[in-house]
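Colleague: Submitted below is the structure of interest, expressed as structure tokens.
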Amino acid sequence: FEPISVGIAIGAASALTGYLSYTDLYCRFAECCREEQPLNASALKQELEEKLFGQHLATEVILKALTGFKNNKNPKKPLTLSLHGWAGTGKNFVSQIVAENLHRKGLKSNFVHLFVSTLHFPHEQQIKLYQDQLQSWIRGNVSACASSLFIFDEMDKLHPGVIDAIKPFLDYYEQIDGVSYRKAIFIFLSNAGGDLITKTALDFWRAGRKREDIQLKDLEPVLSVGVFNNKHSGLWHSGLIDRNLIDYFIPFLPLEYRHVKMCVRAEMKARGSAVDEDIVTSVADEMTFFPKDEKIYSDKGCKTVQSRLDFH
Ligand SMILES: Nc1ncnc2c1ncn2[C@@H]1O[C@H](COP(=O)(O)OP(=O)(O)OP(=O)(O)O)[C@@H](O)[C@H]1O
């Protein structure tokens, strides 16, 4: 080897590793959008299994959807997940877990955006303005980070006109005005179909069958008839369904007494206190359950557990 070319090679290599470690170092402190960063599927699985109670279907589908999408180097469209279920069953909670597994800072990340219909798009007269703002917001954010995550809460209360504004981004286009949306992820949350999911869960319970035996195929036909074909359930006016722009419908089952207790225990641990079973029982007993006769499901899910715990 010629000493000069070896020197150049070493110089180039060290410059390169120097540059790489600088980037690594930089991203450790500042937030970087790392589109190609693989999803740690086993960490996500473990987190869902440990923290999300009573939602075997949601756990399974979310894992499958995210690992499939993140492993695909060349997705043909952005990933769209539609989460359905009764209040307080974990839809926002799961979105937060997903956000943290995709972008280190979770909901605080610059690449994760949460919209709440009644908060961000409250006035029907302003639809045109919301449409323009939302489109340029999504365009700007996906240009800055292709793997941006957008979460729309209260989707069933969102005006169809606003949904129309996001529709083009969810479609199979390679690019729109020079921007590709194919690596982005959209999560929609709604209570639509919650009553039908509850009815199926109740039918299983009444038939003496295990909750964990409920399969996606038991719920899909129910949801499709009840929600997707119901022209009055806001979301579906939009044609998102007709055009097959939603990749996965994810049902959240209503939570039982034992799940509420699990939520109380988790909250106590999160607060750093020892789990006191007497308190766990009294908090769970204060919740209200339906239907009137059987009293199986918590009507607020785990939603008021945290505030109730403050009184004990
Ligand atoms: N299945 C669950 N497993 C563990 N914790 C849960 C679960 N469901 C709810 N929780 C707890 O209750 C809190 C409230 O739930 P969350 O906000 O996720 O409900 P939601 O389904 O989004 O309700 P809504 O439809 O009213 O917005 C969560 O922050 C979490 O602490």
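Just so we're on the same page: first chain in the structure tokens is A, next is B, and so on; residues restart at 1 for each chain, and ligands are numbered from 1 in the order they show up.
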Kindly compile the residues surrounding ligand 1 within 8 Å, counting only C-alpha atoms and all ligand atoms, and format them as number ranges by chain.
Modeller: A: 51-55, 85-95, 153-154, 189-191, 252, 255, 259, 262-263, 266-267, 300-306
Colleague: Which residues are near Ala144 (chain A)? Cut-off 10 Å, only C-alpha atoms, ignore same chain within fewer than 5 positions. Put them as a list in words.
Modeller: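 Non-adjacent residues within range: Cys33, Asn110, Phe111, Ile138, Arg139 and Val179 of chain A.
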Colleague: Can you check which residues of region 113-205 of chain A DSSP gives as strand (DSSP E or B) on the backbone and send them as a ChimeraX atom specification?
Modeller: /A:113-116,149-153,176,179,185-190
Colleague: Go ahead and save the residues from that selection, with C-alpha atoms, as a PDB file, in the first residue's frame.
Modeller:
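This is the output file part_10.pdb:
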```
ATOM      1  CA  HIS A 113     -49.337  15.562  16.603  1.00  0.00           C
ATOM      2  CA  LEU A 114     -52.559  15.169  18.545  1.00  0.00           C
ATOM      3  CA  PHE A 115     -55.795  16.802  17.383  1.00  0.00           C
ATOM      4  CA  VAL A 116     -58.943  16.790  19.481  1.00  0.00           C
ATOM      5  CA  LEU A 149     -47.536  10.384  13.673  1.00  0.00           C
ATOM      6  CA  PHE A 150     -50.932  12.133  13.643  1.00  0.00           C
ATOM      7  CA  ILE A 151     -53.567  11.229  16.219  1.00  0.00           C
ATOM      8  CA  PHE A 152     -57.164  12.434  15.790  1.00  0.00           C
ATOM      9  CA  ASP A 153     -59.215  12.062  18.968  1.00  0.00           C
ATOM     10  CA  ILE A 176     -48.490  15.143  -3.549  1.00  0.00           C
ATOM     11  CA  VAL A 179     -44.123  15.299  -0.630  1.00  0.00           C
ATOM     12  CA  ILE A 185     -49.001   7.029  10.524  1.00  0.00           C
ATOM     13  CA  PHE A 186     -52.543   8.237  11.257  1.00  0.00           C
ATOM     14  CA  ILE A 187     -54.483   7.022  14.298  1.00  0.00           C
ATOM     15  CA  PHE A 188     -58.192   7.823  14.633  1.00  0.00           C
ATOM     16  CA  LEU A 189     -59.966   7.425  17.966  1.00  0.00           C
ATOM     17  CA  SER A 190     -63.712   7.249  18.384  1.00  0.00           C
TER      18      SER A 190
END
```
Colleague: Which is closer to Val162 (chain A) than all the others in A:Val225, A:Lys217, A:Leu240, A:Lys210, using only C-alpha atoms?
Modeller: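 Going through A:Val225, A:Lys217, A:Leu240, A:Lys210 one by one, the smallest distance to Val162 (chain A) is for A:Leu240.
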Colleague: Can you work out which one of A:Val283, A:Asn72, A:Ile241, A:Pro291 has the shortest atom-to-atom distance to Asp310 (chain A), counting only C-alpha atoms?
Modeller: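 Between A:Val283, A:Asn72, A:Ile241, A:Pro291, the residue approaching Asp310 (chain A) most closely is A:Val283.
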Colleague: Determine, counting only C-alpha atoms, which protein, DNA and RNA residues have an atom within 10 Å of an atom of Asp285 (chain A); residues of the same chain fewer than 3 positions away are not included. Present the result as a list in words.
Modeller: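 Non-adjacent residues within range: Tyr257, Val260, Lys261, Ile279, Val280, Thr281, Ser282, Thr288 and Phe289 of chain A.
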Colleague: Write down as a ChimeraX atom specification the residues belonging to region 58-173 of chain A that are assigned alpha helix (DSSP H) by DSSP computed on the backbone.
Modeller: /A:58-71,91-102,117-120,127-144,160-170
Colleague: When you draw a straight line from CA of Glu212 (chain A) to CA of Val275 (chain A), how long is it in Å?
Modeller: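 Those two atoms sit 26.3 Å apart.
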Colleague: Report, in Å with one decimal, the straight-line distance from CA of Thr118 (chain A) to CA of Ile246 (chain A).
Modeller: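 Separation of CA of Thr118 (chain A) and CA of Ile246 (chain A): 22.2 Å.
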Colleague: Do a neighbour search on Gln133 (chain A) at 12 Å with only C-alpha atoms, toss out local chain neighbours closer than 3 positions, and write the hits as a VMD selection string.
Modeller: chain A and resid 120 to 121 126 to 130 136 to 140 162 165 to 166
Colleague: Would you mind exporting all heavy atoms of the selected residues as a CSV table (one decimal), in the first residue's frame?
Modeller:
```csv
chain,number,residue,atom,x,y,z
A,120,HIS,N,-59.8,21.5,18.7
A,120,HIS,CA,-59.1,22.2,17.6
A,120,HIS,C,-60.0,22.6,16.5
A,120,HIS,O,-59.7,23.4,15.7
A,120,HIS,CB,-58.0,21.2,17.1
A,120,HIS,CG,-56.9,21.0,18.1
A,120,HIS,ND1,-56.8,19.8,18.8
A,120,HIS,CD2,-55.9,21.8,18.5
A,120,HIS,CE1,-55.7,19.9,19.6
A,120,HIS,NE2,-55.2,21.1,19.4
A,121,PHE,N,-61.2,21.9,16.3
A,121,PHE,CA,-62.1,22.2,15.2
A,121,PHE,C,-63.5,22.4,15.7
A,121,PHE,O,-64.4,21.7,15.3
A,121,PHE,CB,-62.1,21.1,14.2
A,121,PHE,CG,-60.7,20.6,13.9
A,121,PHE,CD1,-60.2,19.4,14.3
A,121,PHE,CD2,-59.8,21.4,13.1
A,121,PHE,CE1,-58.9,18.9,14.0
A,121,PHE,CE2,-58.5,20.9,12.8
A,121,PHE,CZ,-58.1,19.7,13.3
A,126,GLN,N,-66.3,27.5,10.5
A,126,GLN,CA,-64.9,27.7,10.2
A,126,GLN,C,-64.2,26.6,9.4
A,126,GLN,O,-63.0,26.5,9.3
A,126,GLN,CB,-64.1,27.9,11.5
A,126,GLN,CG,-64.6,28.8,12.5
A,126,GLN,CD,-63.9,30.2,12.4
A,126,GLN,OE1,-63.4,30.5,11.3
A,126,GLN,NE2,-63.8,30.9,13.5
A,127,ILE,N,-65.1,25.7,8.9
A,127,ILE,CA,-64.6,24.4,8.3
A,127,ILE,C,-63.5,24.7,7.2
A,127,ILE,O,-62.4,24.1,7.2
A,127,ILE,CB,-65.7,23.6,7.6
A,127,ILE,CG1,-66.7,23.2,8.7
A,127,ILE,CG2,-65.2,22.4,6.9
A,127,ILE,CD1,-66.2,22.3,9.7
A,128,LYS,N,-63.8,25.8,6.4
A,128,LYS,CA,-62.8,26.1,5.3
A,128,LYS,C,-61.4,26.4,5.9
A,128,LYS,O,-60.4,25.9,5.4
A,128,LYS,CB,-63.4,27.2,4.5
A,128,LYS,CG,-62.6,27.6,3.3
A,128,LYS,CD,-62.9,26.6,2.1
A,128,LYS,CE,-61.9,26.7,1.0
A,128,LYS,NZ,-60.6,26.2,1.3
A,129,LEU,N,-61.5,27.2,6.9
A,129,LEU,CA,-60.2,27.6,7.6
A,129,LEU,C,-59.5,26.4,8.1
A,129,LEU,O,-58.3,26.2,7.9
A,129,LEU,CB,-60.5,28.6,8.7
A,129,LEU,CG,-59.3,29.1,9.5
A,129,LEU,CD1,-58.4,30.0,8.6
A,129,LEU,CD2,-59.8,29.8,10.7
A,130,TYR,N,-60.3,25.5,8.8
A,130,TYR,CA,-59.7,24.3,9.4
A,130,TYR,C,-59.0,23.4,8.3
A,130,TYR,O,-58.0,22.9,8.5
A,130,TYR,CB,-60.7,23.5,10.2
A,130,TYR,CG,-61.4,24.1,11.4
A,130,TYR,CD1,-62.7,23.8,11.7
A,130,TYR,CD2,-60.7,25.1,12.1
A,130,TYR,CE1,-63.3,24.4,12.8
A,130,TYR,CE2,-61.3,25.7,13.2
A,130,TYR,CZ,-62.6,25.4,13.5
A,130,TYR,OH,-63.2,26.0,14.6
A,136,SER,N,-52.0,22.3,5.5
A,136,SER,CA,-50.7,22.9,5.4
A,136,SER,C,-49.9,22.4,6.6
A,136,SER,O,-48.7,22.2,6.5
A,136,SER,CB,-50.7,24.4,5.3
A,136,SER,OG,-51.2,25.0,6.4
A,137,TRP,N,-50.6,22.1,7.7
A,137,TRP,CA,-49.9,21.6,8.9
A,137,TRP,C,-49.4,20.2,8.7
A,137,TRP,O,-48.2,19.9,8.9
A,137,TRP,CB,-50.9,21.6,10.1
A,137,TRP,CG,-50.4,21.0,11.4
A,137,TRP,CD1,-50.7,19.8,11.8
A,137,TRP,CD2,-49.5,21.6,12.3
A,137,TRP,NE1,-50.0,19.6,13.0
A,137,TRP,CE2,-49.3,20.7,13.4
A,137,TRP,CE3,-48.9,22.9,12.4
A,137,TRP,CZ2,-48.5,20.9,14.5
A,137,TRP,CZ3,-48.1,23.1,13.5
A,137,TRP,CH2,-47.9,22.2,14.5
A,138,ILE,N,-50.2,19.4,8.1
A,138,ILE,CA,-49.8,18.0,7.8
A,138,ILE,C,-48.6,18.0,6.7
A,138,ILE,O,-47.6,17.3,6.9
A,138,ILE,CB,-51.0,17.1,7.3
A,138,ILE,CG1,-52.0,16.9,8.4
A,138,ILE,CG2,-50.5,15.8,6.8
A,138,ILE,CD1,-53.2,16.1,8.1
A,139,ARG,N,-48.8,18.8,5.7
A,139,ARG,CA,-47.8,18.9,4.6
A,139,ARG,C,-46.4,19.3,5.3
A,139,ARG,O,-45.4,18.7,5.0
A,139,ARG,CB,-48.2,19.9,3.6
A,139,ARG,CG,-47.4,19.9,2.3
A,139,ARG,CD,-47.9,20.9,1.3
A,139,ARG,NE,-49.3,20.7,1.0
A,139,ARG,CZ,-50.2,21.6,1.1
A,139,ARG,NH1,-49.9,22.8,1.6
A,139,ARG,NH2,-51.5,21.4,0.8
A,140,GLY,N,-46.5,20.4,6.0
A,140,GLY,CA,-45.2,20.9,6.7
A,140,GLY,C,-44.6,19.9,7.5
A,140,GLY,O,-43.4,19.7,7.5
A,162,VAL,N,-63.8,18.3,7.5
A,162,VAL,CA,-62.4,18.3,8.0
A,162,VAL,C,-61.8,17.0,7.6
A,162,VAL,O,-60.6,16.9,7.2
A,162,VAL,CB,-62.3,18.6,9.5
A,162,VAL,CG1,-60.9,18.6,10.0
A,162,VAL,CG2,-63.0,19.9,9.9
A,165,ALA,N,-60.5,16.9,4.2
A,165,ALA,CA,-59.2,17.6,4.0
A,165,ALA,C,-58.0,16.6,4.2
A,165,ALA,O,-56.9,16.8,3.6
A,165,ALA,CB,-59.1,18.8,5.0
A,166,ILE,N,-58.2,15.6,5.1
A,166,ILE,CA,-57.0,14.7,5.3
A,166,ILE,C,-57.0,13.5,4.3
A,166,ILE,O,-56.0,12.9,4.1
A,166,ILE,CB,-57.0,14.1,6.7
A,166,ILE,CG1,-58.3,14.2,7.5
A,166,ILE,CG2,-55.8,14.5,7.5
A,166,ILE,CD1,-58.3,13.5,8.8
```
Colleague: Using only C-alpha atoms, pick whichever of A:Leu57, A:Ile163, A:Leu223, A:Leu158 has the shortest atom-to-atom distance to Glu124 (chain A).
Modeller: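 Closest to Glu124 (chain A) of all the choices is A:Leu158.
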